[in-house]
$ cat entry05.txt   # compact mmCIF, N, CA and C atoms
# COMPACT_ATOMS: atom_id res chain seq x y z
N MET A 1 24.46 162.52 100.50
CA MET A 1 24.22 161.08 100.49
C MET A 1 23.34 160.77 99.29
N THR A 2 23.82 159.93 98.43
CA THR A 2 23.10 159.57 97.22
C THR A 2 22.42 158.22 97.42
N GLY A 3 21.15 158.17 97.04
CA GLY A 3 20.42 156.93 97.16
C GLY A 3 20.68 156.00 95.99
N ILE A 4 19.91 154.93 95.95
CA ILE A 4 20.08 153.93 94.89
C ILE A 4 19.81 154.55 93.52
N ARG A 5 18.75 155.34 93.43
CA ARG A 5 18.42 155.95 92.14
C ARG A 5 19.54 156.90 91.69
N GLY A 6 20.06 157.69 92.61
CA GLY A 6 21.15 158.59 92.28
C GLY A 6 22.38 157.86 91.78
N ARG A 7 22.72 156.76 92.43
CA ARG A 7 23.88 155.97 91.98
C ARG A 7 23.64 155.38 90.59
N ARG A 8 22.41 154.94 90.35
CA ARG A 8 22.10 154.37 89.03
C ARG A 8 22.18 155.45 87.94
N VAL A 9 21.65 156.63 88.23
CA VAL A 9 21.72 157.74 87.26
C VAL A 9 23.18 158.15 87.04
N ALA A 10 23.96 158.21 88.12
CA ALA A 10 25.38 158.59 88.00
C ALA A 10 26.13 157.59 87.12
N GLU A 11 25.85 156.31 87.30
CA GLU A 11 26.52 155.29 86.48
C GLU A 11 26.11 155.42 85.01
N SER A 12 24.85 155.70 84.75
CA SER A 12 24.38 155.88 83.36
C SER A 12 25.04 157.09 82.72
N ILE A 13 25.16 158.16 83.48
CA ILE A 13 25.81 159.37 82.96
C ILE A 13 27.27 159.07 82.65
N LYS A 14 27.94 158.37 83.55
CA LYS A 14 29.36 158.05 83.34
C LYS A 14 29.54 157.22 82.07
N GLU A 15 28.71 156.21 81.87
CA GLU A 15 28.81 155.37 80.66
C GLU A 15 28.58 156.19 79.40
N HIS A 16 27.53 157.01 79.42
CA HIS A 16 27.21 157.79 78.22
C HIS A 16 28.31 158.79 77.89
N LEU A 17 28.82 159.49 78.90
CA LEU A 17 29.86 160.49 78.65
C LEU A 17 31.14 159.84 78.14
N THR A 18 31.48 158.70 78.67
CA THR A 18 32.68 158.00 78.21
C THR A 18 32.57 157.69 76.72
N GLN A 19 31.42 157.24 76.29
CA GLN A 19 31.21 156.95 74.87
C GLN A 19 31.14 158.24 74.05
N ALA A 20 30.50 159.25 74.59
CA ALA A 20 30.33 160.50 73.84
C ALA A 20 31.66 161.19 73.58
N PHE A 21 32.58 161.15 74.53
CA PHE A 21 33.88 161.80 74.33
C PHE A 21 34.62 161.18 73.17
N VAL A 22 34.47 159.90 72.98
CA VAL A 22 35.21 159.21 71.93
C VAL A 22 34.49 159.31 70.59
N ARG A 23 33.18 159.12 70.59
CA ARG A 23 32.46 158.95 69.33
C ARG A 23 31.72 160.18 68.83
N GLU A 24 30.98 160.84 69.69
CA GLU A 24 29.99 161.81 69.23
C GLU A 24 30.49 163.23 69.07
N LEU A 25 31.38 163.67 69.92
CA LEU A 25 31.69 165.10 69.96
C LEU A 25 32.58 165.58 68.83
N GLY A 26 33.55 164.81 68.44
CA GLY A 26 34.43 165.22 67.36
C GLY A 26 35.40 166.31 67.74
N ASP A 27 35.55 166.60 69.03
CA ASP A 27 36.49 167.60 69.51
C ASP A 27 37.77 166.88 69.94
N ARG A 28 38.86 167.16 69.26
CA ARG A 28 40.11 166.44 69.52
C ARG A 28 40.62 166.67 70.94
N ARG A 29 40.28 167.80 71.54
CA ARG A 29 40.72 168.06 72.92
C ARG A 29 40.07 167.11 73.92
N LEU A 30 38.93 166.53 73.54
CA LEU A 30 38.19 165.68 74.47
C LEU A 30 38.41 164.20 74.23
N GLU A 31 39.23 163.86 73.25
CA GLU A 31 39.47 162.45 72.94
C GLU A 31 40.17 161.71 74.08
N HIS A 32 40.99 162.40 74.84
CA HIS A 32 41.77 161.77 75.89
C HIS A 32 41.20 162.03 77.29
N VAL A 33 39.96 162.44 77.36
CA VAL A 33 39.31 162.70 78.64
C VAL A 33 38.73 161.39 79.18
N VAL A 34 38.95 161.17 80.47
CA VAL A 34 38.42 159.99 81.15
C VAL A 34 37.55 160.47 82.31
N VAL A 35 36.35 159.93 82.40
CA VAL A 35 35.46 160.25 83.51
C VAL A 35 35.86 159.36 84.68
N THR A 36 36.27 159.97 85.79
CA THR A 36 36.70 159.19 86.94
C THR A 36 35.59 159.01 87.96
N ASN A 37 34.68 159.96 88.05
CA ASN A 37 33.63 159.87 89.05
C ASN A 37 32.47 160.78 88.67
N VAL A 38 31.26 160.36 89.03
CA VAL A 38 30.08 161.19 88.86
C VAL A 38 29.34 161.16 90.19
N GLU A 39 29.08 162.34 90.74
CA GLU A 39 28.34 162.45 91.99
C GLU A 39 27.07 163.26 91.75
N ILE A 40 25.98 162.75 92.30
CA ILE A 40 24.68 163.41 92.13
C ILE A 40 24.00 163.46 93.49
N PRO A 41 23.56 164.65 93.91
CA PRO A 41 22.82 164.72 95.18
C PRO A 41 21.43 164.07 95.03
N ASP A 42 20.75 163.91 96.15
CA ASP A 42 19.46 163.23 96.15
C ASP A 42 18.40 163.90 95.28
N ASP A 43 18.51 165.23 95.08
CA ASP A 43 17.51 165.91 94.26
C ASP A 43 17.74 165.72 92.76
N LEU A 44 18.86 165.12 92.38
CA LEU A 44 19.23 164.81 90.98
C LEU A 44 19.27 166.06 90.10
N GLY A 45 19.54 167.21 90.69
CA GLY A 45 19.55 168.45 89.93
C GLY A 45 20.85 168.74 89.20
N VAL A 46 21.96 168.34 89.80
CA VAL A 46 23.28 168.64 89.24
C VAL A 46 24.13 167.38 89.30
N ALA A 47 24.83 167.10 88.24
CA ALA A 47 25.79 165.99 88.23
C ALA A 47 27.19 166.60 88.25
N TRP A 48 27.94 166.29 89.30
CA TRP A 48 29.32 166.75 89.42
C TRP A 48 30.21 165.67 88.83
N ILE A 49 30.88 165.99 87.73
CA ILE A 49 31.64 165.01 86.97
C ILE A 49 33.13 165.31 87.10
N SER A 50 33.87 164.34 87.63
CA SER A 50 35.32 164.45 87.75
C SER A 50 35.96 163.80 86.54
N VAL A 51 36.91 164.51 85.94
CA VAL A 51 37.58 164.00 84.74
C VAL A 51 39.09 164.11 84.90
N ARG A 52 39.80 163.32 84.12
CA ARG A 52 41.26 163.37 84.02
C ARG A 52 41.64 163.24 82.56
N LEU A 53 42.87 163.59 82.25
CA LEU A 53 43.41 163.44 80.90
C LEU A 53 44.36 162.26 80.86
N LEU A 54 44.25 161.46 79.80
CA LEU A 54 45.20 160.37 79.61
C LEU A 54 46.53 160.89 79.08
N VAL A 55 46.46 161.94 78.26
CA VAL A 55 47.65 162.53 77.64
C VAL A 55 47.70 164.00 78.03
N GLY A 56 48.86 164.48 78.44
CA GLY A 56 49.01 165.89 78.79
C GLY A 56 48.50 166.21 80.17
N ASP A 57 48.48 165.22 81.05
CA ASP A 57 47.93 165.37 82.39
C ASP A 57 48.73 166.36 83.23
N ASP A 58 50.01 166.52 82.97
CA ASP A 58 50.86 167.38 83.78
C ASP A 58 50.76 168.86 83.40
N ASP A 59 50.19 169.16 82.26
CA ASP A 59 50.14 170.53 81.76
C ASP A 59 48.88 171.23 82.26
N GLU A 60 49.07 172.25 83.09
CA GLU A 60 47.95 173.00 83.66
C GLU A 60 47.13 173.71 82.59
N ASN A 61 47.78 174.22 81.55
CA ASN A 61 47.04 174.88 80.46
C ASN A 61 46.15 173.89 79.71
N GLN A 62 46.65 172.68 79.52
CA GLN A 62 45.86 171.63 78.86
C GLN A 62 44.63 171.30 79.70
N ARG A 63 44.82 171.23 81.01
CA ARG A 63 43.69 170.94 81.90
C ARG A 63 42.61 172.03 81.79
N LYS A 64 43.06 173.28 81.82
CA LYS A 64 42.11 174.39 81.75
C LYS A 64 41.38 174.43 80.42
N SER A 65 42.09 174.21 79.32
CA SER A 65 41.42 174.23 78.01
C SER A 65 40.45 173.07 77.88
N THR A 66 40.77 171.94 78.49
CA THR A 66 39.85 170.80 78.46
C THR A 66 38.58 171.12 79.24
N LEU A 67 38.73 171.72 80.42
CA LEU A 67 37.55 172.08 81.20
C LEU A 67 36.69 173.12 80.48
N LYS A 68 37.34 174.06 79.78
CA LYS A 68 36.58 175.04 79.00
C LYS A 68 35.82 174.37 77.86
N ALA A 69 36.48 173.43 77.19
CA ALA A 69 35.82 172.70 76.10
C ALA A 69 34.65 171.89 76.64
N LEU A 70 34.80 171.28 77.79
CA LEU A 70 33.71 170.52 78.39
C LEU A 70 32.54 171.43 78.77
N ALA A 71 32.85 172.61 79.28
CA ALA A 71 31.78 173.56 79.62
C ALA A 71 31.00 173.98 78.37
N ARG A 72 31.73 174.11 77.24
CA ARG A 72 31.05 174.52 75.99
C ARG A 72 30.12 173.42 75.45
N VAL A 73 30.49 172.16 75.65
CA VAL A 73 29.67 171.07 75.10
C VAL A 73 28.70 170.49 76.13
N ALA A 74 28.67 171.05 77.33
CA ALA A 74 27.83 170.50 78.40
C ALA A 74 26.35 170.47 78.01
N ALA A 75 25.86 171.52 77.39
CA ALA A 75 24.44 171.55 77.01
C ALA A 75 24.13 170.47 75.97
N ARG A 76 25.03 170.30 75.01
CA ARG A 76 24.82 169.27 73.99
C ARG A 76 24.87 167.87 74.62
N LEU A 77 25.78 167.66 75.54
CA LEU A 77 25.87 166.38 76.23
C LEU A 77 24.60 166.12 77.05
N ARG A 78 24.11 167.16 77.67
CA ARG A 78 22.89 167.03 78.48
C ARG A 78 21.70 166.64 77.61
N ARG A 79 21.60 167.26 76.44
CA ARG A 79 20.50 166.91 75.51
C ARG A 79 20.63 165.47 75.03
N SER A 80 21.86 165.02 74.80
CA SER A 80 22.04 163.65 74.33
C SER A 80 21.77 162.63 75.45
N LEU A 81 21.87 163.07 76.68
CA LEU A 81 21.58 162.19 77.82
C LEU A 81 20.09 161.97 78.02
N ALA A 82 19.26 162.94 77.64
CA ALA A 82 17.83 162.90 77.94
C ALA A 82 17.15 161.59 77.51
N PRO A 83 17.31 161.12 76.29
CA PRO A 83 16.62 159.89 75.93
C PRO A 83 17.16 158.65 76.65
N LYS A 84 18.42 158.69 77.03
CA LYS A 84 19.02 157.53 77.69
C LYS A 84 18.61 157.42 79.16
N LEU A 85 18.44 158.57 79.82
CA LEU A 85 18.09 158.56 81.24
C LEU A 85 16.58 158.41 81.47
N ARG A 86 15.80 158.83 80.50
CA ARG A 86 14.33 158.79 80.60
C ARG A 86 13.85 159.45 81.89
N MET A 87 14.31 160.67 82.09
CA MET A 87 13.91 161.44 83.27
C MET A 87 13.19 162.70 82.80
N LYS A 88 12.33 163.20 83.66
CA LYS A 88 11.61 164.43 83.34
C LYS A 88 12.59 165.60 83.22
N ARG A 89 13.54 165.64 84.12
CA ARG A 89 14.54 166.71 84.13
C ARG A 89 15.93 166.08 84.21
N VAL A 90 16.74 166.30 83.20
CA VAL A 90 18.11 165.76 83.16
C VAL A 90 19.00 166.65 84.02
N PRO A 91 19.86 166.07 84.83
CA PRO A 91 20.74 166.87 85.69
C PRO A 91 21.66 167.80 84.89
N GLU A 92 21.92 168.96 85.47
CA GLU A 92 22.90 169.89 84.89
C GLU A 92 24.28 169.25 85.04
N LEU A 93 25.13 169.39 84.04
CA LEU A 93 26.45 168.77 84.05
C LEU A 93 27.50 169.82 84.42
N ARG A 94 28.24 169.55 85.48
CA ARG A 94 29.33 170.43 85.90
C ARG A 94 30.60 169.59 85.99
N PHE A 95 31.64 170.08 85.35
CA PHE A 95 32.89 169.33 85.25
C PHE A 95 33.97 169.93 86.15
N ALA A 96 34.76 169.06 86.73
CA ALA A 96 35.91 169.46 87.54
C ALA A 96 37.05 168.49 87.26
N TYR A 97 38.26 169.00 87.36
CA TYR A 97 39.41 168.14 87.13
C TYR A 97 39.70 167.35 88.39
N ASP A 98 39.89 166.04 88.26
CA ASP A 98 40.14 165.15 89.38
C ASP A 98 41.61 165.21 89.75
N THR A 99 41.89 165.78 90.90
CA THR A 99 43.28 165.92 91.34
C THR A 99 43.68 164.85 92.34
N GLY A 100 42.84 163.86 92.54
CA GLY A 100 43.13 162.80 93.52
C GLY A 100 44.44 162.08 93.25
N LEU A 101 44.69 161.75 92.00
CA LEU A 101 45.94 161.06 91.66
C LEU A 101 47.14 161.97 91.90
N ASP A 102 46.99 163.26 91.62
CA ASP A 102 48.08 164.20 91.87
C ASP A 102 48.42 164.25 93.36
N HIS A 103 47.39 164.26 94.19
CA HIS A 103 47.61 164.31 95.64
C HIS A 103 48.29 163.03 96.13
N SER A 104 47.86 161.89 95.62
CA SER A 104 48.49 160.63 96.05
C SER A 104 49.94 160.55 95.59
N ARG A 105 50.22 161.08 94.40
CA ARG A 105 51.62 161.12 93.93
C ARG A 105 52.47 161.98 94.86
N ARG A 106 51.92 163.12 95.26
CA ARG A 106 52.65 164.03 96.14
C ARG A 106 52.90 163.39 97.51
N VAL A 107 51.90 162.69 98.05
CA VAL A 107 52.07 162.00 99.32
C VAL A 107 53.16 160.95 99.21
N ASP A 108 53.17 160.21 98.10
CA ASP A 108 54.23 159.21 97.88
C ASP A 108 55.61 159.86 97.85
N GLU A 109 55.72 161.02 97.17
CA GLU A 109 56.99 161.74 97.11
C GLU A 109 57.45 162.13 98.51
N ILE A 110 56.54 162.67 99.30
CA ILE A 110 56.88 163.12 100.65
C ILE A 110 57.32 161.93 101.51
N LEU A 111 56.60 160.82 101.40
CA LEU A 111 56.97 159.63 102.18
C LEU A 111 58.35 159.11 101.77
N ARG A 112 58.65 159.14 100.47
CA ARG A 112 59.98 158.72 100.03
C ARG A 112 61.06 159.66 100.56
N GLU A 113 60.79 160.97 100.56
CA GLU A 113 61.75 161.94 101.09
C GLU A 113 62.00 161.70 102.57
N ILE A 114 60.93 161.44 103.32
CA ILE A 114 61.06 161.19 104.76
C ILE A 114 61.88 159.92 105.00
N ALA A 115 61.58 158.88 104.22
CA ALA A 115 62.33 157.62 104.37
C ALA A 115 63.80 157.83 104.04
N ALA A 116 64.09 158.61 103.01
CA ALA A 116 65.48 158.88 102.63
C ALA A 116 66.20 159.67 103.73
N GLU A 117 65.51 160.66 104.31
CA GLU A 117 66.10 161.45 105.39
C GLU A 117 66.35 160.59 106.62
N ASN A 118 65.41 159.73 106.95
CA ASN A 118 65.57 158.87 108.12
C ASN A 118 66.70 157.87 107.93
N SER A 119 66.83 157.31 106.74
CA SER A 119 67.91 156.35 106.51
C SER A 119 69.27 157.05 106.51
N ALA A 120 69.32 158.29 106.07
CA ALA A 120 70.58 159.03 106.08
C ALA A 120 70.94 159.48 107.50
N ALA A 121 69.95 159.82 108.30
CA ALA A 121 70.19 160.32 109.66
C ALA A 121 70.44 159.20 110.66
N ASP A 122 69.81 158.05 110.47
CA ASP A 122 69.93 156.92 111.40
C ASP A 122 70.61 155.74 110.73
N PRO A 123 71.94 155.76 110.66
CA PRO A 123 72.60 154.59 110.08
C PRO A 123 72.37 153.39 111.00
N VAL A 124 72.36 152.23 110.45
CA VAL A 124 72.13 151.00 111.21
C VAL A 124 73.31 150.81 112.16
N PRO A 125 73.04 150.74 113.50
CA PRO A 125 74.17 150.58 114.44
C PRO A 125 74.76 149.18 114.32
N SER A 126 76.07 149.14 114.48
CA SER A 126 76.73 147.83 114.41
C SER A 126 76.53 147.13 115.74
N ASP A 127 76.37 145.82 115.71
CA ASP A 127 76.14 145.03 116.92
C ASP A 127 77.50 144.76 117.58
N PRO A 128 77.73 145.29 118.79
CA PRO A 128 79.03 145.09 119.42
C PRO A 128 79.22 143.66 119.89
N ASP A 129 78.14 142.94 120.14
CA ASP A 129 78.24 141.57 120.62
C ASP A 129 77.50 140.66 119.65
N PRO A 130 78.20 140.10 118.64
CA PRO A 130 77.53 139.31 117.63
C PRO A 130 76.98 137.99 118.15
N ASP A 131 77.49 137.46 119.27
CA ASP A 131 77.03 136.19 119.79
C ASP A 131 76.05 136.46 120.95
N PRO A 132 74.76 136.17 120.76
CA PRO A 132 73.79 136.48 121.81
C PRO A 132 73.98 135.60 123.04
N ASN A 133 74.57 134.44 122.93
CA ASN A 133 74.79 133.55 124.07
C ASN A 133 75.97 133.99 124.93
N ALA A 134 76.85 134.83 124.38
CA ALA A 134 78.04 135.26 125.10
C ALA A 134 77.65 136.07 126.33
N SER A 135 76.58 136.86 126.28
CA SER A 135 76.19 137.68 127.42
C SER A 135 75.50 136.87 128.50
N ASN A 136 74.95 135.71 128.15
CA ASN A 136 74.23 134.88 129.10
C ASN A 136 75.15 133.85 129.78
N GLN A 137 76.42 133.77 129.45
CA GLN A 137 77.31 132.75 130.00
C GLN A 137 77.64 133.02 131.46
N GLY A 138 77.61 134.24 131.90
CA GLY A 138 77.94 134.58 133.25
C GLY A 138 76.83 134.24 134.22
N GLN A 139 75.68 133.85 133.81
CA GLN A 139 74.56 133.57 134.70
C GLN A 139 74.45 132.15 135.06
$ encode --input "entry05.txt" --output "structure tokens"
Amino acid sequence: MTGIRGRRVAESIKEHLTQAFVRELGDRRLEHVVVTNVEIPDDLGVAWISVRLLVGDDDENQRKSTLKALARVAARLRRSLAPKLRMKRVPELRFAYDTGLDHSRRVDEILREIAAENSAADPVPSDPDPDPNASNQGQ
């Protein structure tokens, strides 16, 4: 559970990293990285940063090389965060690939497959009595 201060620090980290990937690092592998979420526990010791790629998102090797590149620049990013956060101890930066969108895509695929199977298995029955008043005439 993150308090108000943790949420504020997480938002500051997200803003700074978004700018740093584009402007400061100069690593072409990180140009298409998007920070999707930053989570920080109450002790503010570690920042768990979820990222995605805008380009090459489907390639597992690209994902791994991006995470390796982020791990290599984590210390430099942490140092650049220090003056912006104005904290005695800047949180350690740990990066993970955000697979949330992948999971939602997979769920959508499964739901479409189920709908297709159901429509193929249950054809719409034809109505043997098209006039609803015809059955009530005998009463």
$ atom_distance --input "entry05.txt" --atom1 "atom N of Leu93 (chain A)" --atom2 "CA of Asp59 (chain A)"
25.1 Å
$ closest_residue --input "entry05.txt" --among "A:Arg7, A:Arg106, A:Arg28, A:Arg86" --to "Ala69 (chain A)" --atoms "only C-alpha atoms"
A:Arg28
$ closest_residue --input "entry05.txt" --among "A:Thr66, A:Pro91, A:Ala120, A:Leu101" --to "Arg79 (chain A)" --atoms "only C-alpha atoms"
A:Pro91
$ closest_atom_pairs --input "entry05.txt" --of "region 63-93 of chain A" --to "region 13-20 of chain A" --cutoff "8 Å" --atoms "only N, CA and C atoms" --output "CSV"
residue,atom,partner,partner_atom,distance
A:Leu77,CA,A:Leu17,CA,7.5
A:Ser80,C,A:His16,CA,7.8
A:Leu81,CA,A:His16,CA,7.2
A:Lys84,C,A:Ile13,N,7.9
A:Leu85,CA,A:Ile13,N,7.4
$ atom_distance --input "entry05.txt" --atom1 "CA of Val34 (chain A)" --atom2 "CA of Val22 (chain A)"
9.8 Å
$ residues_around --input "entry05.txt" --residues "Leu67 (chain A)" --least-positions-apart "3" --cutoff "7 Å" --atoms "all atoms listed in the file" --output "PDB file with N, CA and C atoms, in the frame of the given file"
ATOM      1  N   GLN A  62      46.650 172.680  79.520  1.00  0.00           N
ATOM      2  CA  GLN A  62      45.860 171.630  78.860  1.00  0.00           C
ATOM      3  C   GLN A  62      44.630 171.300  79.700  1.00  0.00           C
ATOM      4  N   ARG A  63      44.820 171.230  81.010  1.00  0.00           N
ATOM      5  CA  ARG A  63      43.690 170.940  81.900  1.00  0.00           C
ATOM      6  C   ARG A  63      42.610 172.030  81.790  1.00  0.00           C
ATOM      7  N   LYS A  64      43.060 173.280  81.820  1.00  0.00           N
ATOM      8  CA  LYS A  64      42.110 174.390  81.750  1.00  0.00           C
ATOM      9  C   LYS A  64      41.380 174.430  80.420  1.00  0.00           C
ATOM     10  N   LEU A  70      34.800 171.280  77.790  1.00  0.00           N
ATOM     11  CA  LEU A  70      33.710 170.520  78.390  1.00  0.00           C
ATOM     12  C   LEU A  70      32.540 171.430  78.770  1.00  0.00           C
ATOM     13  N   ALA A  71      32.850 172.610  79.280  1.00  0.00           N
ATOM     14  CA  ALA A  71      31.780 173.560  79.620  1.00  0.00           C
ATOM     15  C   ALA A  71      31.000 173.980  78.370  1.00  0.00           C
ATOM     16  N   ARG A  72      31.730 174.110  77.240  1.00  0.00           N
ATOM     17  CA  ARG A  72      31.050 174.520  75.990  1.00  0.00           C
ATOM     18  C   ARG A  72      30.120 173.420  75.450  1.00  0.00           C
ATOM     19  N   PHE A  95      31.640 170.080  85.350  1.00  0.00           N
ATOM     20  CA  PHE A  95      32.890 169.330  85.250  1.00  0.00           C
ATOM     21  C   PHE A  95      33.970 169.930  86.150  1.00  0.00           C
ATOM     22  N   ALA A  96      34.760 169.060  86.730  1.00  0.00           N
ATOM     23  CA  ALA A  96      35.910 169.460  87.540  1.00  0.00           C
ATOM     24  C   ALA A  96      37.050 168.490  87.260  1.00  0.00           C
ATOM     25  N   TYR A  97      38.260 169.000  87.360  1.00  0.00           N
ATOM     26  CA  TYR A  97      39.410 168.140  87.130  1.00  0.00           C
ATOM     27  C   TYR A  97      39.700 167.350  88.390  1.00  0.00           C
TER      28      TYR A  97
END
$ residues_around --input "entry05.txt" --residues "Leu53 (chain A)" --least-positions-apart "3" --cutoff "8 Å" --atoms "only N, CA and C atoms" --output "ChimeraX atom specification"
/A:31-35,56-58,63,97-98
$ atom_distance --input "entry05.txt" --atom1 "CA of Ile110 (chain A)" --atom2 "CA of Val51 (chain A)"
25.0 Å
$ residues_near_point --input "entry05.txt" --point "(22.3, 171.1, 82.2)" --cutoff "9 Å" --atoms "only C-alpha atoms" --output "list in words"
Gly45, Val46, Ala47, Ala74, Ala75, Arg76, Leu77, Arg78, Arg79, Val90, Pro91, Glu92, Leu93 and Arg94 of chain A
$ select_by_dssp --input "entry05.txt" --residues "region 21-112 of chain A" --states "alpha helix (DSSP H)" --output "VMD selection string"
chain A and resid 21 to 23 60 to 85 100 to 112
$ closest_residue --input "entry05.txt" --among "A:Val38, A:Ile114, A:Leu44, A:Ala82" --to "Ala10 (chain A)" --atoms "all atoms listed in the file"
A:Val38
$ select_by_dssp --input "entry05.txt" --residues "region 12-101 of chain A" --states "strand (DSSP E)" --output "tab-separated table (two decimals) with N, CA and C atoms, in the frame of the given file"
chain	number	residue	atom	x	y	z
A	33	VAL	N	39.96	162.44	77.36
A	33	VAL	CA	39.31	162.70	78.64
A	33	VAL	C	38.73	161.39	79.18
A	34	VAL	N	38.95	161.17	80.47
A	34	VAL	CA	38.42	159.99	81.15
A	34	VAL	C	37.55	160.47	82.31
A	35	VAL	N	36.35	159.93	82.40
A	35	VAL	CA	35.46	160.25	83.51
A	35	VAL	C	35.86	159.36	84.68
A	36	THR	N	36.27	159.97	85.79
A	36	THR	CA	36.70	159.19	86.94
A	36	THR	C	35.59	159.01	87.96
A	37	ASN	N	34.68	159.96	88.05
A	37	ASN	CA	33.63	159.87	89.05
A	37	ASN	C	32.47	160.78	88.67
A	38	VAL	N	31.26	160.36	89.03
A	38	VAL	CA	30.08	161.19	88.86
A	38	VAL	C	29.34	161.16	90.19
A	39	GLU	N	29.08	162.34	90.74
A	39	GLU	CA	28.34	162.45	91.99
A	39	GLU	C	27.07	163.26	91.75
A	46	VAL	N	21.96	168.34	89.80
A	46	VAL	CA	23.28	168.64	89.24
A	46	VAL	C	24.13	167.38	89.30
A	47	ALA	N	24.83	167.10	88.24
A	47	ALA	CA	25.79	165.99	88.23
A	47	ALA	C	27.19	166.60	88.25
A	48	TRP	N	27.94	166.29	89.30
A	48	TRP	CA	29.32	166.75	89.42
A	48	TRP	C	30.21	165.67	88.83
A	49	ILE	N	30.88	165.99	87.73
A	49	ILE	CA	31.64	165.01	86.97
A	49	ILE	C	33.13	165.31	87.10
A	50	SER	N	33.87	164.34	87.63
A	50	SER	CA	35.32	164.45	87.75
A	50	SER	C	35.96	163.80	86.54
A	51	VAL	N	36.91	164.51	85.94
A	51	VAL	CA	37.58	164.00	84.74
A	51	VAL	C	39.09	164.11	84.90
A	52	ARG	N	39.80	163.32	84.12
A	52	ARG	CA	41.26	163.37	84.02
A	52	ARG	C	41.64	163.24	82.56
A	53	LEU	N	42.87	163.59	82.25
A	53	LEU	CA	43.41	163.44	80.90
A	53	LEU	C	44.36	162.26	80.86
A	92	GLU	N	21.92	168.96	85.47
A	92	GLU	CA	22.90	169.89	84.89
A	92	GLU	C	24.28	169.25	85.04
A	93	LEU	N	25.13	169.39	84.04
A	93	LEU	CA	26.45	168.77	84.05
A	93	LEU	C	27.50	169.82	84.42
A	94	ARG	N	28.24	169.55	85.48
A	94	ARG	CA	29.33	170.43	85.90
A	94	ARG	C	30.60	169.59	85.99
A	95	PHE	N	31.64	170.08	85.35
A	95	PHE	CA	32.89	169.33	85.25
A	95	PHE	C	33.97	169.93	86.15
A	96	ALA	N	34.76	169.06	86.73
A	96	ALA	CA	35.91	169.46	87.54
A	96	ALA	C	37.05	168.49	87.26
A	97	TYR	N	38.26	169.00	87.36
A	97	TYR	CA	39.41	168.14	87.13
A	97	TYR	C	39.70	167.35	88.39
